[in-house]
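Colleague: Contents of run_12.cif (mmCIF, C-alpha atoms and all ligand atoms):
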data_coords
#
loop_
_atom_site.label_atom_id
_atom_site.label_comp_id
_atom_site.auth_asym_id
_atom_site.auth_seq_id
_atom_site.Cartn_x
_atom_site.Cartn_y
_atom_site.Cartn_z
CA MET A 1483 112.99 133.83 153.32
CA ALA A 1484 109.26 134.52 153.03
CA THR A 1485 108.23 137.81 151.50
CA ASP A 1486 104.94 139.62 151.37
CA THR A 1487 104.71 138.76 147.67
CA ALA A 1488 104.91 135.01 148.25
CA VAL A 1489 102.06 133.00 146.71
CA GLY A 1490 100.62 130.34 148.99
CA VAL A 1491 102.88 127.75 150.60
CA ASP A 1492 105.69 126.45 148.41
CA SER A 1493 107.10 122.93 148.46
CA PRO A 1494 109.78 122.45 151.13
CA GLY A 1495 113.19 123.42 149.88
CA ARG A 1496 111.93 125.60 147.04
CA ALA A 1497 112.26 129.29 146.68
CA PRO A 1498 108.98 131.11 147.19
CA ASN A 1499 106.96 132.06 144.12
CA LEU A 1500 107.19 135.76 143.57
CA LYS A 1501 104.30 137.52 141.97
CA PRO A 1502 104.52 139.45 139.82
CA ASN A 1503 107.94 138.50 138.50
CA LEU A 1504 110.54 141.18 138.18
CA ARG A 1505 111.67 140.44 134.63
CA THR A 1506 111.36 143.32 132.21
CA ASP A 1507 112.61 141.55 129.06
CA ASN A 1508 110.44 139.70 126.51
CA TRP A 1509 110.62 136.35 128.34
CA ARG A 1510 107.50 134.97 126.63
CA LYS A 1511 109.11 134.99 123.18
CA SER A 1512 111.38 131.96 123.61
CA PRO A 1513 108.75 129.53 124.99
CA ILE A 1514 106.25 130.62 122.33
CA LEU A 1515 108.76 130.03 119.52
CA THR A 1516 109.69 126.68 121.07
CA PHE A 1517 106.03 125.70 121.30
CA LEU A 1518 105.42 126.57 117.65
CA GLY A 1519 108.62 124.88 116.43
CA LEU A 1520 108.15 121.62 118.29
CA SER A 1521 104.42 121.47 117.49
CA ALA A 1522 105.15 121.94 113.78
CA PHE A 1523 107.76 119.19 113.87
CA VAL A 1524 105.50 116.73 115.70
CA LEU A 1525 102.67 117.39 113.25
CA TYR A 1526 104.90 116.98 110.20
CA ALA A 1527 106.61 113.86 111.57
CA ALA A 1528 103.27 112.25 112.49
CA ILE A 1529 101.90 112.81 108.98
CA ARG A 1530 105.03 111.65 107.19
CA THR A 1531 105.82 108.59 109.29
CA THR A 1532 102.27 107.26 109.01
CA SER A 1533 101.66 108.11 105.35
CA GLN A 1534 104.00 105.38 104.02
CA SER A 1535 104.37 107.34 100.79
CA ALA A 1536 107.11 109.13 98.79
CA TYR A 1537 109.88 108.08 101.18
CA PHE A 1538 112.24 106.53 98.61
CA VAL A 1539 113.77 107.51 95.27
CA GLU A 1540 114.72 104.19 93.77
CA ALA A 1541 116.80 105.57 90.87
CA TYR A 1542 119.21 107.36 93.24
CA HIS A 1543 118.60 105.28 96.38
CA TYR A 1544 117.56 108.31 98.42
CA LEU A 1545 115.80 107.06 101.56
CA SER A 1546 114.00 109.40 103.95
CA PRO A 1547 115.41 109.42 107.50
CA PHE A 1548 111.83 108.95 108.72
CA ALA A 1549 111.71 105.55 106.95
CA SER A 1550 115.15 104.18 107.77
CA PRO A 1551 115.61 101.30 108.14
CA CYS A 1552 112.59 100.43 106.03
CA LEU A 1553 111.20 97.18 107.43
CA SER A 1554 107.88 96.55 105.70
CA ASP A 1555 107.34 94.15 102.80
CA ALA A 1556 106.14 97.23 100.91
CA CYS A 1557 109.62 98.81 101.08
CA GLY A 1558 110.89 96.95 98.02
CA LYS A 1559 114.48 97.96 97.25
CA ALA A 1560 114.49 100.33 100.22
CA ALA A 1561 114.51 97.32 102.54
CA GLU A 1562 118.26 97.04 103.04
CA PHE A 1563 118.04 95.11 106.29
CA GLY A 1564 115.20 92.66 105.60
CA THR A 1565 111.53 93.06 106.50
CA LEU A 1566 109.20 92.17 109.35
CA GLY A 1567 106.12 91.50 107.19
CA THR A 1568 103.36 93.65 105.77
CA PHE A 1569 102.64 96.64 107.97
CA PRO A 1570 99.08 97.88 108.51
CA GLN A 1571 98.33 101.32 107.08
CA LEU A 1572 99.47 104.13 109.42
CA PHE A 1573 102.36 102.04 110.82
CA PRO A 1574 105.76 103.76 110.56
CA LEU A 1575 108.06 101.93 108.15
CA ALA A 1576 110.96 102.37 110.59
CA ILE A 1577 108.95 100.88 113.42
CA LEU A 1578 111.99 99.53 115.29
CA THR A 1579 114.07 102.69 115.41
CA LEU A 1580 111.62 105.60 115.57
CA PRO A 1581 110.54 104.88 119.19
CA PHE A 1582 114.18 105.05 120.28
CA LEU A 1583 114.78 108.27 118.37
CA LEU A 1584 111.66 109.75 119.93
CA GLY A 1585 112.88 108.65 123.37
CA PHE A 1586 116.31 110.09 122.63
CA ARG A 1587 114.96 113.53 121.80
CA LEU A 1588 112.34 113.52 124.55
CA THR A 1589 114.88 112.70 127.25
CA CYS A 1590 117.57 115.05 125.88
CA TYR A 1591 118.63 117.55 128.53
CA TYR A 1592 118.09 120.47 126.17
CA TYR A 1593 114.68 119.35 124.91
CA ARG A 1594 113.54 118.72 128.47
CA LYS A 1595 114.23 122.33 129.31
CA ALA A 1596 112.52 123.40 126.08
CA TYR A 1597 109.28 121.50 126.46
CA TYR A 1598 109.04 121.81 130.24
CA ARG A 1599 108.99 125.54 129.63
CA ALA A 1600 106.97 125.73 126.43
CA PHE A 1601 104.32 123.07 127.09
CA TRP A 1602 104.16 122.59 130.87
CA GLN A 1603 105.18 126.08 131.99
CA SER A 1604 107.30 124.43 134.63
CA PRO A 1605 108.61 127.11 134.80
CA VAL A 1606 107.94 129.08 131.64
CA ALA A 1607 111.19 131.06 132.14
CA CYS A 1608 113.78 131.73 134.80
CA ALA A 1609 112.47 133.74 137.77
CA VAL A 1610 108.88 133.47 136.52
CA PRO A 1611 106.36 131.71 138.80
CA GLU A 1612 104.98 128.41 137.58
CA PRO A 1613 101.29 127.62 137.77
CA ARG A 1614 101.80 124.65 140.10
CA GLY A 1615 102.83 124.92 143.72
CA LYS A 1616 104.07 121.34 143.93
CA TYR A 1617 107.19 119.83 142.42
CA THR A 1618 108.05 116.15 142.34
CA GLY A 1619 110.96 116.32 139.93
CA GLU A 1620 112.01 113.32 137.88
CA THR A 1621 111.86 110.83 140.72
CA ARG A 1622 108.66 109.00 139.87
CA PHE A 1623 106.85 107.58 136.82
CA PRO A 1624 106.66 108.77 134.08
CA LEU A 1625 109.44 111.36 134.39
CA ILE A 1626 111.83 108.91 136.02
CA ILE A 1627 112.26 107.54 132.47
CA GLN A 1628 114.29 110.69 131.76
CA ASN A 1629 117.13 108.98 133.61
CA ALA A 1630 117.39 106.38 130.82
CA HIS A 1631 118.75 109.02 128.44
CA ARG A 1632 122.19 107.37 128.18
CA TYR A 1633 120.56 104.17 126.83
CA PHE A 1634 118.55 106.12 124.27
CA TRP A 1635 121.83 107.77 123.30
CA MET A 1636 123.36 104.35 122.60
CA ALA A 1637 120.38 103.45 120.41
CA ALA A 1638 120.72 106.79 118.61
CA VAL A 1639 124.36 106.03 117.80
CA VAL A 1640 123.26 102.76 116.15
CA VAL A 1641 120.63 104.65 114.13
CA SER A 1642 123.24 107.22 113.09
CA VAL A 1643 125.40 104.38 111.79
CA ILE A 1644 122.40 103.16 109.75
CA ASN A 1645 121.89 106.72 108.45
CA THR A 1646 125.55 106.77 107.45
CA TYR A 1647 125.06 103.55 105.51
CA ASP A 1648 122.03 105.14 103.80
CA ALA A 1649 124.11 108.18 102.84
CA ILE A 1650 126.78 105.98 101.26
CA ARG A 1651 124.16 103.93 99.40
CA ALA A 1652 122.72 107.17 98.03
CA PHE A 1653 125.76 107.71 95.80
CA HIS A 1654 123.87 105.83 93.18
CA SER A 1655 122.35 106.21 89.75
CA PRO A 1656 120.72 103.79 87.32
CA SER A 1657 124.10 103.48 85.58
CA GLY A 1658 126.16 102.95 88.76
CA PHE A 1659 127.80 105.76 90.72
CA GLY A 1660 125.78 108.94 91.01
CA PHE A 1661 125.90 112.30 92.77
CA GLY A 1662 123.25 114.98 92.97
CA LEU A 1663 121.82 117.75 95.12
CA GLY A 1664 120.04 115.08 97.14
CA ASN A 1665 123.41 113.69 98.23
CA ILE A 1666 124.48 117.08 99.54
CA ILE A 1667 121.23 117.46 101.49
CA ILE A 1668 121.56 113.94 102.91
CA LEU A 1669 125.20 114.53 103.91
CA VAL A 1670 124.45 117.84 105.64
CA ASN A 1671 121.63 116.15 107.52
CA LEU A 1672 123.95 113.30 108.47
CA ALA A 1673 126.60 115.70 109.78
CA LEU A 1674 124.03 117.52 111.88
CA LEU A 1675 122.65 114.26 113.28
CA TRP A 1676 126.13 113.06 114.25
CA THR A 1677 127.20 116.35 115.80
CA TYR A 1678 123.94 116.60 117.77
CA THR A 1679 124.30 112.98 118.94
CA MET A 1680 127.99 113.26 119.86
CA GLY A 1681 127.45 116.54 121.70
CA CYS A 1682 125.08 114.80 124.10
CA HIS A 1683 125.69 115.31 127.83
CA SER A 1684 125.68 111.53 128.30
CA CYS A 1685 128.35 111.14 125.61
CA ARG A 1686 130.44 113.70 127.47
CA HIS A 1687 130.20 111.61 130.59
CA ILE A 1688 130.89 108.38 128.71
CA THR A 1689 134.09 109.78 127.20
CA LEU A 1690 135.60 110.88 130.50
CA GLY A 1691 133.36 109.85 133.38
CA ARG A 1692 134.84 108.14 136.47
CA ILE A 1693 138.38 109.26 135.65
CA ASN A 1694 140.52 111.11 138.18
CA HIS A 1695 143.67 111.73 136.16
CA PHE A 1696 143.17 113.25 132.71
CA SER A 1697 146.89 112.93 131.91
CA LYS A 1698 146.72 109.14 132.15
CA HIS A 1699 144.00 108.96 129.49
CA PRO A 1700 145.09 111.37 126.73
CA VAL A 1701 142.90 109.85 124.01
CA ARG A 1702 139.76 109.95 126.15
CA TYR A 1703 140.65 113.44 127.31
CA TRP A 1704 141.01 114.59 123.70
CA LEU A 1705 137.66 113.00 122.83
CA TYR A 1706 136.10 114.67 125.84
CA GLN A 1707 137.35 118.05 124.67
CA GLN A 1708 135.85 117.53 121.20
CA VAL A 1709 132.56 116.34 122.64
CA SER A 1710 132.53 119.33 125.00
CA LYS A 1711 132.92 121.72 122.05
CA LEU A 1712 129.86 120.15 120.42
CA ASN A 1713 128.07 120.15 123.75
CA GLY A 1714 128.48 123.92 123.92
CA LYS A 1715 126.35 124.14 120.75
CA HIS A 1716 123.89 121.47 121.77
CA MET A 1717 120.81 123.67 121.63
CA GLN A 1718 121.66 124.95 118.15
CA LEU A 1719 122.45 121.44 116.93
CA ALA A 1720 119.22 120.12 118.44
CA TRP A 1721 117.20 122.57 116.35
CA ALA A 1722 119.37 122.36 113.23
CA SER A 1723 119.21 118.57 113.15
CA LEU A 1724 115.47 118.60 113.77
CA PHE A 1725 114.82 120.88 110.81
CA SER A 1726 117.38 119.19 108.59
CA VAL A 1727 115.54 115.87 109.04
CA VAL A 1728 112.33 117.59 107.92
CA PHE A 1729 114.05 119.30 105.00
CA THR A 1730 115.72 116.06 103.86
CA ASP A 1731 112.47 114.14 104.06
CA ALA A 1732 110.58 116.89 102.22
CA TYR A 1733 113.16 117.01 99.43
CA ILE A 1734 113.06 113.23 98.99
CA ALA A 1735 109.26 113.32 99.01
CA LEU A 1736 109.21 115.95 96.27
CA VAL A 1737 111.67 114.02 94.09
CA SER A 1738 110.00 110.69 94.81
CA SER A 1739 106.55 112.00 93.89
CA GLY A 1740 107.86 113.55 90.66
CA THR A 1741 107.05 117.09 91.80
CA ILE A 1742 110.66 118.15 91.19
CA SER A 1743 113.71 116.53 89.63
CA ASP A 1744 116.93 115.99 91.50
CA LEU A 1745 119.73 118.25 90.29
CA ARG A 1746 122.32 115.72 89.08
CA PHE A 1747 126.03 116.39 88.86
CA ILE A 1748 127.08 112.81 88.02
CA GLY A 1749 124.89 109.93 86.87
S1 LIG B 1801 121.60 115.76 126.26
FE1 LIG B 1801 120.73 116.22 124.36
S2 LIG B 1801 121.04 114.41 123.23
FE2 LIG B 1801 121.83 113.90 125.21
#
Now, as a test, write the supplied structure out as structure tokens.
Ligand code: FES
Modeller:
Amino acid sequence: MATDTAVGVDSPGRAPNLKPNLRTDNWRKSPILTFLGLSAFVLYAAIRTTSQSAYFVEAYHYLSPFASPCLSDACGKAAEFGTLGTFPQLFPLAILTLPFLLGFRLTCYYYRKAYYRAFWQSPVACAVPEPRGKYTGETRFPLIIQNAHRYFWMAAVVVSVINTYDAIRAFHSPSGFGFGLGNIIILVNLALLWTYTMGCHSCRHITLGRINHFSKHPVRYWLYQQVSKLNGKHMQLAWASLFSVVFTDAYIALVSSGTISDLRFIG
């Protein structure tokens, strides 16, 4: 129903823009924090993935998640899965997996909400008018790519398996088995990556989609319930896993560069 506060002519099927909005809470806070958090991550990740430095601690086999799997000839003992040649400067060492991880996060249902609000103001918050009067949704290029999220999820599961291998390899010291603070940091990061990945909306559908009788599929139903529990914390896990990747990489960079020493418990 049109009101006297309607702005212009809205797209067919959309509620009219109301101006000013009627919200009295601090609705700007969340998009501003999201903008700052995601911008900081993108800046850090861009610097670290293109620096090709301090990503590996050979003595303990700590490998940064930003460089896994390490595929350049320069990786040395970090190259667990072979190499693709010598990479030009500024090329990410994990050139094969990082694009999929980027696609996975970009198409995530939670992150879509976050950056649509924080960067595109589309809309900036519920019941707040957006600057554009037209809406085309995710039905045309480039946003139609959002519909490929389930395939990015599959790629992310493969990368999580690789990260798990890295975590196991990190129980290492020059004399054999080893265990230090770095292992704890890597394991916490791994747990957050897995719980974020398995709490994905697509994973929820994969575990129990297209089924009419839950009782006939008790194992899938149980899996669905576990995934749904994680899904309920998806936003928190999205942020926790994002920052844990940064923290893990930063710790490995500090140890690798000799700025600090790893606190060793064994080996
Ligand atoms: S919905 Fe967030 S990872 Fe799939």
Colleague: When the cut-off is 7 Å and you count only C-alpha atoms and all ligand atoms, which residues lie near ligand LIG 1801 (chain B), shown as a PDB file with C-alpha atoms, in the coordinates of the input?
Modeller:
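Resulting contents of pocket-v7.pdb:
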ATOM      1  CA  PHE A1586     116.310 110.090 122.630  1.00  0.00           C
ATOM      2  CA  ARG A1587     114.960 113.530 121.800  1.00  0.00           C
ATOM      3  CA  CYS A1590     117.570 115.050 125.880  1.00  0.00           C
ATOM      4  CA  TYR A1591     118.630 117.550 128.530  1.00  0.00           C
ATOM      5  CA  TYR A1592     118.090 120.470 126.170  1.00  0.00           C
ATOM      6  CA  TYR A1593     114.680 119.350 124.910  1.00  0.00           C
ATOM      7  CA  HIS A1631     118.750 109.020 128.440  1.00  0.00           C
ATOM      8  CA  TRP A1635     121.830 107.770 123.300  1.00  0.00           C
ATOM      9  CA  TYR A1678     123.940 116.600 117.770  1.00  0.00           C
ATOM     10  CA  THR A1679     124.300 112.980 118.940  1.00  0.00           C
ATOM     11  CA  GLY A1681     127.450 116.540 121.700  1.00  0.00           C
ATOM     12  CA  CYS A1682     125.080 114.800 124.100  1.00  0.00           C
ATOM     13  CA  HIS A1683     125.690 115.310 127.830  1.00  0.00           C
ATOM     14  CA  SER A1684     125.680 111.530 128.300  1.00  0.00           C
ATOM     15  CA  HIS A1716     123.890 121.470 121.770  1.00  0.00           C
TER      16      HIS A1716
END
Colleague: Would you compute the box with edges along x, y and z of the file around range 1510-1528 of chain A, including every atom the file lists for it and 5 Å extra on each side, and give its centre and edge lengths in Å to one decimal, as AutoDock Vina command-line options?
Modeller:
--center_x 107.0 --center_y 123.6 --center_z 118.4 --size_x 18.7 --size_y 32.7 --size_z 26.4
Colleague: As a list in words, please: the residues near Asp1744 in chain A (cut-off 9 Å, all atoms listed in the file, same-chain neighbours under 6 positions excluded).
Modeller: Gly1662, Leu1663, Gly1664, Tyr1733, Ile1734 and Val1737 of chain A
Colleague: How far is it from CA of Thr1618 in chain A to CA of Gly1585 in chain A, in Å with one decimal?
Modeller: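 So the answer is 21.0 Å.
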Colleague: Have a look at A:Leu1745, A:Val1709, A:Leu1674, A:Val1641 and name the one nearest to Leu1584 in chain A; count all atoms listed in the file.
Modeller: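 Checking each of A:Leu1745, A:Val1709, A:Leu1674, A:Val1641 against Leu1584 in chain A, counting all atoms listed in the file, the winner is A:Val1641.
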Colleague: One decimal, Å: what's the distance from CA of Val1610 in chain A over to CA of Thr1516 in chain A, could you say?
Modeller: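 Interatomic distance here is 16.9 Å.
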Colleague: From the set A:Ala1527, A:Ala1652, A:Val1639, A:Leu1580, which residue has the shortest atom-to-atom contact distance to Leu1545 in chain A, counting all atoms listed in the file?
Modeller: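 Of the candidates, the smallest distance to Leu1545 in chain A is held by A:Ala1652.
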Colleague: For Leu1675 in chain A, work out the shell of residues within 10 Å, counting only C-alpha atoms and skipping chain neighbours fewer than 4 positions away, then give it as a list in words.
Modeller: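 Listed by chain and then number, they are Ala1638, Val1639, Val1641, Ser1642, Asn1645, Thr1646, Leu1669, Val1670, Asn1671, Thr1679, Met1680, Gly1681, Leu1719, Ala1720, Ala1722, Ser1723, Leu1724, Ser1726 and Val1727 of chain A.
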Colleague: Distance CA of Pro1656 in chain A-CA of Val1640 in chain A, one decimal place?
Modeller: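 Computing it gives 29.0 Å between the two atoms.
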Colleague: For a quick check of understanding, using all atoms listed in the file, which of A:Ala1541, A:Ala1673, A:Ala1576, A:Ala1549 has the smallest distance to Phe1659 in chain A?
Modeller: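 Smallest separation from Phe1659 in chain A among the options: A:Ala1541.
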Colleague: Determine the nearest neighbour of Pro1570 in chain A from the options A:Arg1594, A:Gln1628, A:Cys1552, A:Thr1532, counting all atoms listed in the file.
Modeller: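 Closest to Pro1570 in chain A, using all atoms listed in the file: A:Thr1532.
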Colleague: Got a sec: who's within 10 Å of Tyr1537 in chain A, counting only C-alpha atoms, leaving out chain neighbours fewer than 3 positions off, as a compact mmCIF listing (two decimals) with C-alpha atoms, in the frame of the given file?
Modeller:
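Saved as result.txt:
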# COMPACT_ATOMS: atom_id res chain seq x y z
CA ARG A 1530 105.03 111.65 107.19
CA THR A 1531 105.82 108.59 109.29
CA SER A 1533 101.66 108.11 105.35
CA GLN A 1534 104.00 105.38 104.02
CA GLU A 1540 114.72 104.19 93.77
CA TYR A 1544 117.56 108.31 98.42
CA LEU A 1545 115.80 107.06 101.56
CA SER A 1546 114.00 109.40 103.95
CA PRO A 1547 115.41 109.42 107.50
CA PHE A 1548 111.83 108.95 108.72
CA ALA A 1549 111.71 105.55 106.95
CA SER A 1550 115.15 104.18 107.77
CA CYS A 1552 112.59 100.43 106.03
CA CYS A 1557 109.62 98.81 101.08
CA ALA A 1560 114.49 100.33 100.22
CA LEU A 1575 108.06 101.93 108.15
CA ASP A 1731 112.47 114.14 104.06
CA ALA A 1732 110.58 116.89 102.22
CA TYR A 1733 113.16 117.01 99.43
CA ILE A 1734 113.06 113.23 98.99
CA ALA A 1735 109.26 113.32 99.01
CA LEU A 1736 109.21 115.95 96.27
CA VAL A 1737 111.67 114.02 94.09
CA SER A 1738 110.00 110.69 94.81
CA SER A 1739 106.55 112.00 93.89
Colleague: Please, which residues in range 1584-1690 of chain A fall within 10 Å of range 1518-1525 of chain A when counting only C-alpha atoms, and what is the closest atom pair and distance in Å to one decimal for each, ordered by chain then residue number, as JSON lines?
Modeller:
{"residue": "A:Tyr1593", "atom": "CA", "partner": "A:Leu1520", "partner_atom": "CA", "distance": 9.6}
{"residue": "A:Ala1596", "atom": "CA", "partner": "A:Leu1520", "partner_atom": "CA", "distance": 9.1}
{"residue": "A:Tyr1597", "atom": "CA", "partner": "A:Leu1520", "partner_atom": "CA", "distance": 8.2}
{"residue": "A:Ala1600", "atom": "CA", "partner": "A:Leu1518", "partner_atom": "CA", "distance": 9.0}
{"residue": "A:Phe1601", "atom": "CA", "partner": "A:Leu1520", "partner_atom": "CA", "distance": 9.7}
Colleague: Please determine, counting only C-alpha atoms, which residue among A:Tyr1542, A:Phe1563, A:Tyr1598, A:Phe1725 has the shortest atom-to-atom distance to Arg1746 in chain A.
Modeller: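 Closest to Arg1746 in chain A of all the choices is A:Tyr1542.
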Colleague: Which residues come within 10 Å of Tyr1706 in chain A, counting all atoms listed in the file, excluding same-chain residues fewer than 5 positions away, as a list in words?
Modeller: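 Close residues of Tyr1706 in chain A: Gly1681, Cys1685, Arg1686, His1687, Ile1688, Thr1689, Leu1690, Gly1691, Phe1696, Pro1700, Val1701, Lys1711, Leu1712 and Asn1713 of chain A.
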Colleague: Select, from A:His1543, A:Ser1743, A:Ala1536, A:Phe1653, the residue with the minimum atom-to-atom distance to Glu1562 in chain A, counting all atoms listed in the file.
Modeller: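 Going through A:His1543, A:Ser1743, A:Ala1536, A:Phe1653 one by one, the smallest distance to Glu1562 in chain A is for A:His1543.
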